[in-house]
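> Sharing input_11.tsv, TSV, C-alpha atoms:
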```
chain	number	residue	atom	x	y	z
A	1	MET	CA	70.62	65.85	163.83
A	2	ASP	CA	73.14	65.59	166.69
A	3	GLU	CA	72.24	61.98	167.38
A	4	LEU	CA	72.87	60.73	163.84
A	5	ASP	CA	76.14	58.95	163.10
A	6	GLU	CA	78.15	59.52	159.93
A	7	THR	CA	76.37	56.87	157.83
A	8	GLN	CA	72.94	58.11	158.88
A	9	LEU	CA	73.92	61.71	158.17
A	10	LYS	CA	75.29	60.74	154.75
A	11	ASN	CA	71.98	59.00	153.94
A	12	HIS	CA	70.08	62.02	155.22
A	13	VAL	CA	72.11	64.35	152.97
A	14	ASP	CA	71.58	62.07	149.96
A	15	SER	CA	67.84	62.00	150.64
A	16	LEU	CA	67.73	65.81	150.94
A	17	LYS	CA	69.55	66.12	147.59
A	18	GLN	CA	66.87	63.92	145.99
A	19	GLN	CA	64.03	65.80	147.67
A	20	LEU	CA	65.46	69.12	146.41
A	21	GLN	CA	65.10	67.82	142.83
A	22	PHE	CA	61.34	67.38	143.22
A	23	ASN	CA	59.42	69.16	140.48
A	24	ARG	CA	57.30	71.59	142.54
A	25	GLU	CA	54.24	73.24	141.01
A	26	LYS	CA	52.92	76.67	141.97
A	27	THR	CA	50.10	76.86	144.52
A	28	SER	CA	48.27	79.25	142.15
A	29	VAL	CA	47.85	76.14	139.95
A	30	THR	CA	47.48	73.32	142.48
A	31	ILE	CA	45.03	74.99	144.87
A	32	PRO	CA	42.36	75.88	142.30
A	33	GLU	CA	42.62	72.35	140.90
A	34	LEU	CA	42.20	70.84	144.37
A	35	THR	CA	39.24	73.12	145.07
A	36	LYS	CA	37.65	72.26	141.72
A	37	TRP	CA	38.05	68.52	142.39
A	38	ILE	CA	36.30	68.89	145.74
A	39	GLU	CA	33.46	71.01	144.36
A	40	GLU	CA	32.78	68.51	141.60
A	41	LYS	CA	32.57	65.67	144.13
A	42	MET	CA	30.46	67.43	146.76
A	43	ASN	CA	27.23	66.31	145.13
A	44	GLU	CA	28.15	62.67	145.70
A	45	ASP	CA	29.29	63.24	149.29
A	46	PRO	CA	26.74	61.60	151.64
A	47	PHE	CA	27.72	63.98	154.45
A	48	LEU	CA	27.00	67.04	152.32
A	49	ASN	CA	24.14	65.97	150.06
A	50	PRO	CA	21.15	64.65	152.02
A	51	ASP	CA	19.72	63.04	148.86
A	52	VAL	CA	22.61	60.60	148.76
A	53	LEU	CA	21.92	59.66	152.35
A	54	LYS	CA	18.24	59.00	151.59
A	55	ASP	CA	18.98	55.27	151.30
A	56	ASN	CA	20.76	55.15	154.63
A	57	PRO	CA	21.50	51.50	155.51
A	58	TRP	CA	21.56	52.39	159.20
A	59	VAL	CA	18.13	53.99	159.27
A	60	GLU	CA	15.07	51.75	159.15
A	61	SER	CA	12.75	52.74	156.32
A	62	SER	CA	9.91	50.59	157.63
A	63	LYS	CA	8.72	49.45	161.05
A	64	CYS	CA	10.04	45.88	161.01
A	65	VAL	CA	13.41	44.67	159.77
A	66	ILE	CA	14.16	41.05	158.91
A	67	ILE	CA	17.74	40.36	159.96
B	68	MET	CA	86.28	70.56	159.92
B	69	SER	CA	85.28	67.01	160.72
B	70	GLU	CA	83.39	64.86	158.25
B	71	LEU	CA	80.40	64.94	160.58
B	72	GLU	CA	80.45	68.72	160.78
B	73	GLN	CA	80.71	69.01	156.98
B	74	LEU	CA	77.71	66.75	156.53
B	75	ARG	CA	75.70	68.73	159.08
B	76	GLN	CA	76.44	71.94	157.22
B	77	GLU	CA	75.55	70.34	153.90
B	78	ALA	CA	72.24	69.13	155.36
B	79	GLU	CA	71.43	72.61	156.65
B	80	GLN	CA	72.23	74.13	153.25
B	81	LEU	CA	69.99	71.64	151.46
B	82	ARG	CA	67.13	72.24	153.91
B	83	ASN	CA	67.41	75.97	153.24
B	84	GLN	CA	67.39	75.40	149.48
B	85	ILE	CA	64.25	73.27	149.80
B	86	ARG	CA	62.65	75.95	151.95
B	87	ASP	CA	63.44	78.60	149.31
B	88	ALA	CA	62.17	76.42	146.45
B	89	ARG	CA	58.89	75.95	148.34
B	90	LYS	CA	58.58	79.68	148.99
B	91	ALA	CA	59.09	80.37	145.30
B	92	CYS	CA	56.08	78.15	144.51
B	93	ASN	CA	53.91	79.69	147.23
B	94	ASP	CA	52.25	82.36	145.10
B	95	SER	CA	48.75	81.95	146.51
B	96	SER	CA	47.10	80.63	149.66
B	97	LEU	CA	44.16	78.30	150.24
B	98	SER	CA	42.45	80.95	152.38
B	99	GLN	CA	42.75	83.53	149.60
B	100	ILE	CA	41.36	81.27	146.92
B	101	THR	CA	38.45	80.00	149.02
B	102	ALA	CA	37.54	83.35	150.58
B	103	GLY	CA	34.45	83.70	148.40
B	104	LEU	CA	33.37	80.07	148.72
B	105	ASP	CA	30.11	79.21	150.49
B	106	SER	CA	30.70	77.63	153.88
B	107	VAL	CA	29.40	74.08	154.34
B	108	GLY	CA	27.13	75.19	157.16
B	109	ARG	CA	26.60	73.27	160.38
B	110	ILE	CA	27.38	69.57	160.05
B	111	GLN	CA	25.42	67.38	162.44
B	112	MET	CA	25.57	63.63	162.58
B	113	ARG	CA	23.79	61.10	164.74
B	114	THR	CA	25.03	57.88	166.22
B	115	ARG	CA	23.20	55.19	164.22
B	116	ARG	CA	24.75	52.18	165.93
B	117	THR	CA	26.80	51.53	169.05
B	118	LEU	CA	28.99	48.44	168.78
B	119	ARG	CA	29.32	46.90	172.23
B	120	GLY	CA	31.48	43.95	173.09
B	121	HIS	CA	35.05	44.97	173.75
B	122	LEU	CA	36.03	44.89	177.44
B	123	ALA	CA	38.85	47.42	177.35
B	124	LYS	CA	40.17	50.40	175.38
B	125	ILE	CA	39.80	50.23	171.62
B	126	TYR	CA	42.99	51.26	169.86
B	127	ALA	CA	42.27	50.81	166.16
B	128	MET	CA	39.65	50.11	163.53
B	129	GLN	CA	39.35	49.82	159.77
B	130	TRP	CA	36.33	49.43	157.46
B	131	ALA	CA	36.17	46.54	155.01
B	132	THR	CA	35.87	47.63	151.37
B	133	ASP	CA	32.20	46.53	151.34
B	134	SER	CA	31.39	49.54	153.58
B	135	ARG	CA	29.45	47.23	155.90
B	136	LEU	CA	31.91	45.09	157.89
B	137	LEU	CA	34.70	46.54	159.99
B	138	VAL	CA	37.49	45.28	162.22
B	139	SER	CA	38.44	46.71	165.62
B	140	ALA	CA	41.27	45.92	168.03
B	141	SER	CA	41.22	46.31	171.78
B	142	GLN	CA	43.65	45.74	174.61
B	143	ASP	CA	41.16	43.22	175.96
B	144	GLY	CA	43.14	41.00	173.59
B	145	LYS	CA	40.48	40.65	170.91
B	146	LEU	CA	40.10	41.50	167.26
B	147	ILE	CA	36.38	41.77	166.42
B	148	ILE	CA	34.87	41.72	162.94
B	149	TRP	CA	31.51	43.50	163.12
B	150	ASP	CA	28.51	43.74	160.82
B	151	SER	CA	27.84	47.45	161.31
B	152	TYR	CA	24.24	47.17	160.00
B	153	SER	CA	23.07	44.61	162.59
B	154	THR	CA	25.85	45.17	165.20
B	155	ASN	CA	26.44	41.40	165.16
B	156	LYS	CA	29.94	40.12	165.77
B	157	ILE	CA	30.98	38.02	162.79
B	158	HIS	CA	34.26	36.94	164.42
B	159	ALA	CA	35.77	37.54	167.85
B	160	ILE	CA	39.43	36.59	167.46
B	161	PRO	CA	41.57	36.03	170.58
B	162	LEU	CA	45.05	37.50	170.11
B	163	ARG	CA	48.34	35.96	171.20
B	164	SER	CA	49.40	39.34	172.59
B	165	SER	CA	46.80	41.67	174.09
B	166	TRP	CA	49.01	44.77	173.65
B	167	VAL	CA	47.57	45.56	170.25
B	168	MET	CA	47.95	49.04	168.73
B	169	THR	CA	46.75	48.62	165.16
B	170	CYS	CA	44.56	46.49	162.93
B	171	ALA	CA	43.77	46.28	159.23
B	172	TYR	CA	41.27	44.65	156.84
B	173	ALA	CA	42.53	43.34	153.49
B	174	PRO	CA	40.70	44.88	150.48
B	175	SER	CA	39.55	41.37	149.46
B	176	GLY	CA	37.96	40.82	152.87
B	177	SER	CA	39.85	37.54	153.24
B	178	TYR	CA	42.43	38.67	155.80
B	179	ALA	CA	42.84	40.87	158.83
B	180	ALA	CA	46.09	41.94	160.49
B	181	CYS	CA	47.10	43.39	163.82
B	182	GLY	CA	50.13	44.10	165.97
B	183	GLY	CA	51.45	46.20	168.83
B	184	LEU	CA	53.97	45.90	171.64
B	185	ASP	CA	54.90	42.40	170.49
B	186	ASN	CA	56.67	44.09	167.49
B	187	ILE	CA	54.97	41.55	165.22
B	188	CYS	CA	52.39	41.98	162.46
B	189	SER	CA	50.08	38.95	162.66
B	190	ILE	CA	48.03	38.01	159.61
B	191	TYR	CA	44.71	36.22	160.17
B	192	SER	CA	42.85	34.27	157.49
B	193	LEU	CA	39.13	34.98	157.81
B	194	LYS	CA	37.99	32.54	155.15
B	195	THR	CA	39.60	29.21	155.90
B	196	ARG	CA	38.13	26.01	154.48
B	197	GLU	CA	37.40	24.81	158.02
B	198	GLY	CA	35.37	27.93	158.72
B	199	ASN	CA	37.49	29.15	161.64
B	200	VAL	CA	39.87	32.10	161.85
B	201	ARG	CA	43.56	31.41	162.32
B	202	VAL	CA	46.97	33.09	162.18
B	203	THR	CA	48.58	32.38	158.82
B	204	ARG	CA	51.74	34.51	159.21
B	205	GLU	CA	53.62	36.32	161.92
B	206	LEU	CA	55.74	39.05	160.32
B	207	SER	CA	58.63	39.73	162.65
B	208	GLY	CA	61.62	41.96	162.02
B	209	HIS	CA	60.70	45.30	163.53
B	210	THR	CA	62.70	46.11	166.66
B	211	GLY	CA	59.99	48.38	168.03
B	212	TYR	CA	56.21	48.32	168.47
B	213	LEU	CA	53.90	48.04	165.49
B	214	SER	CA	51.97	51.33	165.32
B	215	CYS	CA	50.11	50.87	162.04
B	216	CYS	CA	49.62	48.37	159.21
B	217	ARG	CA	47.81	48.57	155.88
B	218	PHE	CA	47.22	45.82	153.28
B	219	LEU	CA	48.21	46.58	149.68
B	220	ASP	CA	46.57	43.29	148.68
B	221	ASP	CA	46.34	39.73	150.02
B	222	SER	CA	50.08	39.20	149.63
B	223	GLN	CA	51.61	42.54	150.65
B	224	ILE	CA	51.30	44.72	153.72
B	225	VAL	CA	53.00	47.97	154.79
B	226	THR	CA	53.82	48.52	158.46
B	227	SER	CA	55.09	51.42	160.57
B	228	SER	CA	56.98	50.99	163.82
B	229	GLY	CA	58.34	52.53	167.00
B	230	ASP	CA	61.77	51.47	165.69
B	231	THR	CA	61.52	54.57	163.35
B	232	THR	CA	61.16	52.52	160.17
B	233	CYS	CA	58.36	51.40	157.89
B	234	ALA	CA	58.42	48.17	155.91
B	235	LEU	CA	56.77	46.50	152.95
B	236	TRP	CA	56.32	42.76	153.57
B	237	ASP	CA	55.80	39.77	151.32
B	238	ILE	CA	53.23	37.91	153.42
B	239	GLU	CA	53.87	34.58	151.70
B	240	THR	CA	57.60	34.50	152.55
B	241	GLY	CA	57.28	36.55	155.74
B	242	GLN	CA	60.20	38.75	154.65
B	243	GLN	CA	60.58	42.50	154.38
B	244	THR	CA	60.73	43.35	150.65
B	245	THR	CA	61.61	46.99	151.32
B	246	THR	CA	62.58	49.01	154.40
B	247	PHE	CA	61.84	52.72	154.59
B	248	THR	CA	64.35	54.57	156.76
B	249	GLY	CA	64.71	58.28	157.44
B	250	HIS	CA	62.46	59.19	160.36
B	251	THR	CA	64.31	60.03	163.58
B	252	GLY	CA	61.39	59.25	165.89
B	253	ASP	CA	58.75	56.52	166.35
B	254	VAL	CA	56.59	56.27	163.25
B	255	MET	CA	52.99	56.42	164.47
B	256	SER	CA	50.81	56.16	161.38
B	257	LEU	CA	50.75	55.51	157.64
B	258	SER	CA	48.28	55.97	154.79
B	259	LEU	CA	48.41	54.33	151.34
B	260	SER	CA	47.82	56.51	148.27
B	261	PRO	CA	44.70	55.75	146.21
B	262	ASP	CA	46.91	54.35	143.40
B	263	SER	CA	48.93	52.24	145.86
B	264	ARG	CA	52.25	53.50	144.48
B	265	THR	CA	53.18	55.63	147.48
B	266	PHE	CA	52.34	56.04	151.15
B	267	VAL	CA	52.65	58.81	153.71
B	268	SER	CA	54.00	58.30	157.23
B	269	GLY	CA	53.78	60.51	160.34
B	270	ALA	CA	56.22	60.28	163.23
B	271	CYS	CA	57.23	61.51	166.68
B	272	ASP	CA	59.98	63.57	165.03
B	273	ALA	CA	57.10	65.91	164.03
B	274	SER	CA	57.68	65.22	160.34
B	275	SER	CA	55.67	63.41	157.70
B	276	LYS	CA	57.21	61.72	154.67
B	277	LEU	CA	56.01	60.52	151.28
B	278	TRP	CA	57.60	57.19	150.24
B	279	ASP	CA	57.79	55.39	146.91
B	280	ILE	CA	56.62	51.84	147.71
B	281	ARG	CA	58.66	50.19	144.95
B	282	ASP	CA	62.10	51.77	145.42
B	283	GLY	CA	61.92	52.64	149.10
B	284	MET	CA	62.95	56.26	148.59
B	285	CYS	CA	61.61	59.18	150.57
B	286	ARG	CA	60.32	61.51	147.82
B	287	GLN	CA	59.15	64.40	149.99
B	288	SER	CA	59.44	65.36	153.65
B	289	PHE	CA	57.31	67.88	155.55
B	290	THR	CA	57.84	69.73	158.81
B	291	GLY	CA	55.56	72.22	160.56
B	292	HIS	CA	54.07	70.36	163.49
B	293	VAL	CA	55.69	71.05	166.85
B	294	SER	CA	54.94	67.72	168.46
B	295	ASP	CA	54.34	64.03	167.67
B	296	ILE	CA	52.24	63.29	164.61
B	297	ASN	CA	49.74	60.56	165.57
B	298	ALA	CA	47.73	60.23	162.39
B	299	VAL	CA	48.01	60.70	158.63
B	300	ILE	CA	45.47	60.25	155.85
B	301	PHE	CA	45.66	60.73	152.10
B	302	PHE	CA	43.26	63.16	150.44
B	303	PRO	CA	40.85	61.17	148.18
B	304	ASN	CA	42.53	62.19	144.89
B	305	GLY	CA	46.05	61.41	146.09
B	306	ASN	CA	47.37	64.97	145.60
B	307	ALA	CA	47.40	65.98	149.26
B	308	PHE	CA	47.32	64.52	152.75
B	309	THR	CA	46.43	65.60	156.28
B	310	THR	CA	48.17	64.97	159.58
B	311	GLY	CA	46.91	65.11	163.17
B	312	SER	CA	49.28	65.84	166.06
B	313	ASP	CA	49.75	66.13	169.81
B	314	ASP	CA	50.23	69.86	169.14
B	315	ALA	CA	46.40	70.08	168.84
B	316	THR	CA	46.46	70.90	165.13
B	317	CYS	CA	45.71	69.10	161.89
B	318	ARG	CA	47.53	70.26	158.80
B	319	LEU	CA	46.86	69.85	155.09
B	320	PHE	CA	49.92	69.30	152.87
B	321	ASP	CA	49.88	69.73	149.10
B	322	LEU	CA	52.02	67.07	147.40
B	323	ARG	CA	52.25	68.89	144.05
B	324	ALA	CA	53.39	72.22	145.55
B	325	ASP	CA	55.36	70.36	148.23
B	326	GLN	CA	54.12	72.46	151.18
B	327	GLU	CA	51.59	73.03	153.94
B	328	LEU	CA	48.34	74.65	152.77
B	329	MET	CA	46.24	74.97	155.92
B	330	MET	CA	46.24	74.42	159.64
B	331	TYR	CA	43.07	73.35	161.49
B	332	SER	CA	43.10	74.60	165.06
B	333	HIS	CA	41.18	76.61	167.61
B	334	ASP	CA	42.15	78.41	170.82
B	335	ASN	CA	39.66	76.23	172.71
B	336	ILE	CA	41.23	73.02	171.46
B	337	ASN	CA	44.28	72.12	173.53
B	338	CYS	CA	44.48	68.37	173.30
B	339	GLY	CA	46.06	65.96	170.85
B	340	ILE	CA	44.52	64.50	167.73
B	341	THR	CA	44.55	60.71	167.53
B	342	SER	CA	42.98	60.03	164.13
B	343	VAL	CA	41.92	61.75	160.91
B	344	ALA	CA	39.72	60.96	157.89
B	345	PHE	CA	38.28	62.73	154.84
B	346	SER	CA	34.67	62.62	153.67
B	347	LYS	CA	34.09	61.29	150.11
B	348	SER	CA	34.59	64.67	148.40
B	349	GLY	CA	37.39	65.68	150.71
B	350	ARG	CA	35.46	68.81	151.68
B	351	LEU	CA	35.15	67.63	155.28
B	352	LEU	CA	38.05	66.60	157.50
B	353	LEU	CA	37.08	64.55	160.54
B	354	ALA	CA	39.46	64.33	163.46
B	355	GLY	CA	39.33	62.38	166.73
B	356	TYR	CA	40.64	64.07	169.88
B	357	ASP	CA	41.90	63.20	173.35
B	358	ASP	CA	39.05	65.30	174.84
B	359	PHE	CA	36.50	62.59	173.85
B	360	ASN	CA	35.15	64.52	170.84
B	361	CYS	CA	35.40	64.44	167.08
B	362	ASN	CA	35.63	67.74	165.25
B	363	VAL	CA	34.41	68.21	161.69
B	364	TRP	CA	36.48	70.73	159.74
B	365	ASP	CA	35.77	72.47	156.43
B	366	THR	CA	38.93	71.43	154.56
B	367	LEU	CA	38.84	74.44	152.22
B	368	LYS	CA	37.93	77.24	154.60
B	369	GLY	CA	39.71	75.97	157.70
B	370	GLU	CA	36.65	76.49	159.90
B	371	ARG	CA	35.12	74.04	162.33
B	372	ALA	CA	31.79	72.87	160.88
B	373	GLY	CA	30.63	70.55	163.65
B	374	VAL	CA	31.37	68.50	166.75
B	375	LEU	CA	30.46	64.86	167.36
B	376	ALA	CA	30.11	64.23	171.07
B	377	GLY	CA	29.12	60.91	172.55
B	378	HIS	CA	32.13	58.95	173.66
B	379	ASP	CA	33.02	58.81	177.37
B	380	ASN	CA	36.74	58.66	176.80
B	381	ARG	CA	39.41	59.48	174.21
B	382	VAL	CA	38.47	58.87	170.57
B	383	SER	CA	41.41	56.68	169.59
B	384	CYS	CA	40.54	55.82	166.01
B	385	LEU	CA	38.09	56.65	163.25
B	386	GLY	CA	37.43	55.86	159.63
B	387	ILE	CA	34.99	56.64	156.85
B	388	SER	CA	33.61	53.77	154.75
B	389	SER	CA	34.77	53.68	151.13
B	390	ASP	CA	31.32	54.66	149.81
B	391	GLY	CA	31.46	57.65	152.14
B	392	MET	CA	28.17	56.75	153.81
B	393	ALA	CA	29.30	56.44	157.41
B	394	LEU	CA	31.92	57.42	159.94
B	395	ALA	CA	33.00	54.87	162.55
B	396	THR	CA	34.72	56.04	165.73
B	397	GLY	CA	36.45	53.86	168.31
B	398	SER	CA	37.20	54.93	171.84
B	399	TRP	CA	38.98	54.13	175.06
B	400	ASP	CA	35.44	53.83	176.47
B	401	SER	CA	35.42	50.38	174.75
B	402	PHE	CA	32.65	51.24	172.26
B	403	LEU	CA	32.53	51.95	168.56
B	404	ARG	CA	29.93	54.29	167.13
B	405	ILE	CA	28.61	54.51	163.58
B	406	TRP	CA	27.59	58.04	162.55
B	407	ASN	CA	26.02	59.78	159.59
```
How does this structure look as structure tokens?


Amino acid sequence: MDELDETQLKNHVDSLKQQLQFNREKTSVTIPELTKWIEEKMNEDPFLNPDVLKDNPWVESSKCVII
Amino acid sequence: MSELEQLRQEAEQLRNQIRDARKACNDSSLSQITAGLDSVGRIQMRTRRTLRGHLAKIYAMQWATDSRLLVSASQDGKLIIWDSYSTNKIHAIPLRSSWVMTCAYAPSGSYAACGGLDNICSIYSLKTREGNVRVTRELSGHTGYLSCCRFLDDSQIVTSSGDTTCALWDIETGQQTTTFTGHTGDVMSLSLSPDSRTFVSGACDASSKLWDIRDGMCRQSFTGHVSDINAVIFFPNGNAFTTGSDDATCRLFDLRADQELMMYSHDNINCGITSVAFSKSGRLLLAGYDDFNCNVWDTLKGERAGVLAGHDNRVSCLGISSDGMALATGSWDSFLRIWN
């Protein structure tokens, strides 16, 4: 903060005023929704569901591969 | 009291008000809510391909949207487009400046970009009528190194720079459409939101900021890290993002509640994080470290779920393909590895 000149400080203060206005939601609402989103997607996550990785393009399914 | 002193006091007051507003919304923690959740268990991945060809440290990589091709940049002065299935090099592009620090692949697959200590973002056309690759634009304007660049589409790219600013460029005209100012240290990394309306930046001032791409305003600003932030990545649904820092921690920030939710760290981990990525569901957070390893973290429980060892030098960059099927890591050992 000590290195900023007057113009930069004024801009910084204006930005802080805007950021203060942000409409924050409670974590008791946002966290369960985030967790729910993740849990619903875990089935499609190749790193968590081995069935999705069954058709792994980097693993040869047969002996010879035609490039 | 001088004008300067008044402004400083006003800034301090506002920061305190923001801190109090965040506290008021902090009525439950991620650890509390996920206490009863099953852990993801041990995550193990194997190297499926090693991409050999660079002759010096790799600094950056990005997957193409087809989840098969990828671009990497090395200080051997080359940009290489790889077919990760066959390990073939589709293009090996000689750069005008070898001091490259970042590269990007356009969503269409038609362009690649890179830049570094030359302060310029160079745009390469990969699909010219003649069949060769050439520079179509050199975006100059930054007064510091180019640390990161990301295509919005074939005509717009966002850059971050050591000059403490980020910029949105019109590639056709070569001009900056919007400049994003506010950081007080080198900006090291940026990540576009899934809906392309905002992006997050991480800087050496230990703060990360959310920017509105259209109007250039900083909507939210986050502190917490105690050293340079080297990497940022959006959470897949756009409601959160994670940062990786020289302070040896990654942190998850909730954009709706406007605060930090979790810190990913361990007493045995004392080196900086260079790169971060989320798995498709967001349940896993992958981070590349200076100690040559990648750690896999359980995003929700904050525990380490696995380690990917294999590189012989710092992991400088990593990325997960858009279909979530593979992780690519790039290292100062000059190799890229594909894991799943």

> Show which residues sit within 8 Å of Leu319 (chain B), as a list in words. Count all atoms listed in the file, and ignore same-chain residues fewer than 3 positions away.

Ala307, Phe308, Thr309, Thr310, Glu327, Leu328, Met329 and Met330 of chain B

> What would the file look like if the residues just selected were written as a PDB file, in the coordinates of the input with C-alpha atoms?


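This is the output file again-v9.pdb:
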```pdb
ATOM      1  CA  ALA B 307      47.400  65.980 149.260  1.00  0.00           C
ATOM      2  CA  PHE B 308      47.320  64.520 152.750  1.00  0.00           C
ATOM      3  CA  THR B 309      46.430  65.600 156.280  1.00  0.00           C
ATOM      4  CA  THR B 310      48.170  64.970 159.580  1.00  0.00           C
ATOM      5  CA  GLU B 327      51.590  73.030 153.940  1.00  0.00           C
ATOM      6  CA  LEU B 328      48.340  74.650 152.770  1.00  0.00           C
ATOM      7  CA  MET B 329      46.240  74.970 155.920  1.00  0.00           C
ATOM      8  CA  MET B 330      46.240  74.420 159.640  1.00  0.00           C
TER       9      MET B 330
END
```

> Using all atoms listed in the file, what table do you get, as a tab-separated table, when you list each residue of chain A with an atom no more than 6 Å from chain B, its nearest pair of atoms, and their distance in Å rounded to one decimal, rows by chain then rising number?


```
residue	atom	partner	partner_atom	distance
A:Glu6	CA	B:Leu71	CA	5.9
A:Val13	CA	B:Ala78	CA	5.3
A:Gln19	CA	B:Gln287	CA	5.6
A:Leu20	CA	B:Ile85	CA	5.5
A:Arg24	CA	B:Ala324	CA	5.0
A:Glu25	CA	B:Ala324	CA	4.7
A:Lys26	CA	B:Cys92	CA	4.3
A:Thr27	CA	B:Asn93	CA	5.5
A:Ser28	CA	B:Ser95	CA	5.2
A:Ile38	CA	B:Ser348	CA	5.3
A:Lys41	CA	B:Ser348	CA	4.8
A:Met42	CA	B:Ser348	CA	5.2
A:Asp45	CA	B:Lys347	CA	5.2
A:Pro46	CA	B:Met392	CA	5.5
A:Trp58	CA	B:Tyr152	CA	5.9
```

> Could you check how far CA of Asp279 (chain B) sits from CA of Ile31 (chain A), in Å to one decimal?

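Here the two named atoms are 23.5 Å from each other.
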
> Taking (60.5, 44.8, 169.0) as a centre in this file's frame and 6 Å as the limit, can you find every polymer residue with an atom that close, using only C-alpha atoms, and give them as a PyMOL selection string?

chain B and resi 186+209-212

> Please provide the set of residues having any atom within 7 Å of Ala344 (chain B), restricted to all atoms listed in the file, with same-chain residues fewer than 2 positions apart removed, written as a PyMOL selection string.

chain B and resi 300+346+352-354+386-387

> Check the smallest atom-to-atom distance from each of B:Ile190, B:Val343, B:Cys317, B:Cys233 to Cys384 (chain B) using all atoms listed in the file, then report the winner.

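Of all the options, B:Val343 lies closest to Cys384 (chain B).
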
> Mind giving me the straight-line distance from CA of Tyr178 (chain B) to CA of Ser192 (chain B) in Å, one decimal?

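Computing the Euclidean distance for CA of Tyr178 (chain B) and CA of Ser192 (chain B) yields 4.7 Å.
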
> Enter the distance from CA of Gly183 (chain B) to CA of Ser141 (chain B), in Å, rounded to one decimal.

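The value is 10.6 Å.
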
> Which residues, written as a list in words, have at least one atom at most 12 Å from Glu239 (chain B), with only C-alpha atoms counted and residues fewer than 5 positions away on the same chain left out?

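Once the adjacent positions are removed, what remains is Ile190, Thr203, Arg204, Glu205, Leu206, Asp220, Asp221, Ser222, Gln223, Ile224 and Thr244 of chain B.
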
> Could the residues in this selection be written to a file with C-alpha atoms, as a PDB file, in the coordinates of the input?


```pdb
ATOM      1  CA  ILE B 190      48.030  38.010 159.610  1.00  0.00           C
ATOM      2  CA  THR B 203      48.580  32.380 158.820  1.00  0.00           C
ATOM      3  CA  ARG B 204      51.740  34.510 159.210  1.00  0.00           C
ATOM      4  CA  GLU B 205      53.620  36.320 161.920  1.00  0.00           C
ATOM      5  CA  LEU B 206      55.740  39.050 160.320  1.00  0.00           C
ATOM      6  CA  ASP B 220      46.570  43.290 148.680  1.00  0.00           C
ATOM      7  CA  ASP B 221      46.340  39.730 150.020  1.00  0.00           C
ATOM      8  CA  SER B 222      50.080  39.200 149.630  1.00  0.00           C
ATOM      9  CA  GLN B 223      51.610  42.540 150.650  1.00  0.00           C
ATOM     10  CA  ILE B 224      51.300  44.720 153.720  1.00  0.00           C
ATOM     11  CA  THR B 244      60.730  43.350 150.650  1.00  0.00           C
TER      12      THR B 244
END
```

> For region 136-146 of chain B, I'd like the enclosing box, axis-aligned and padded by 5 Å on every side, reported as lines of an AutoDock Vina configuration file with centre and edge lengths in Å to one decimal.


```
center_x = 37.8
center_y = 43.7
center_z = 166.9
size_x = 21.7
size_y = 16.1
size_z = 28.1
```
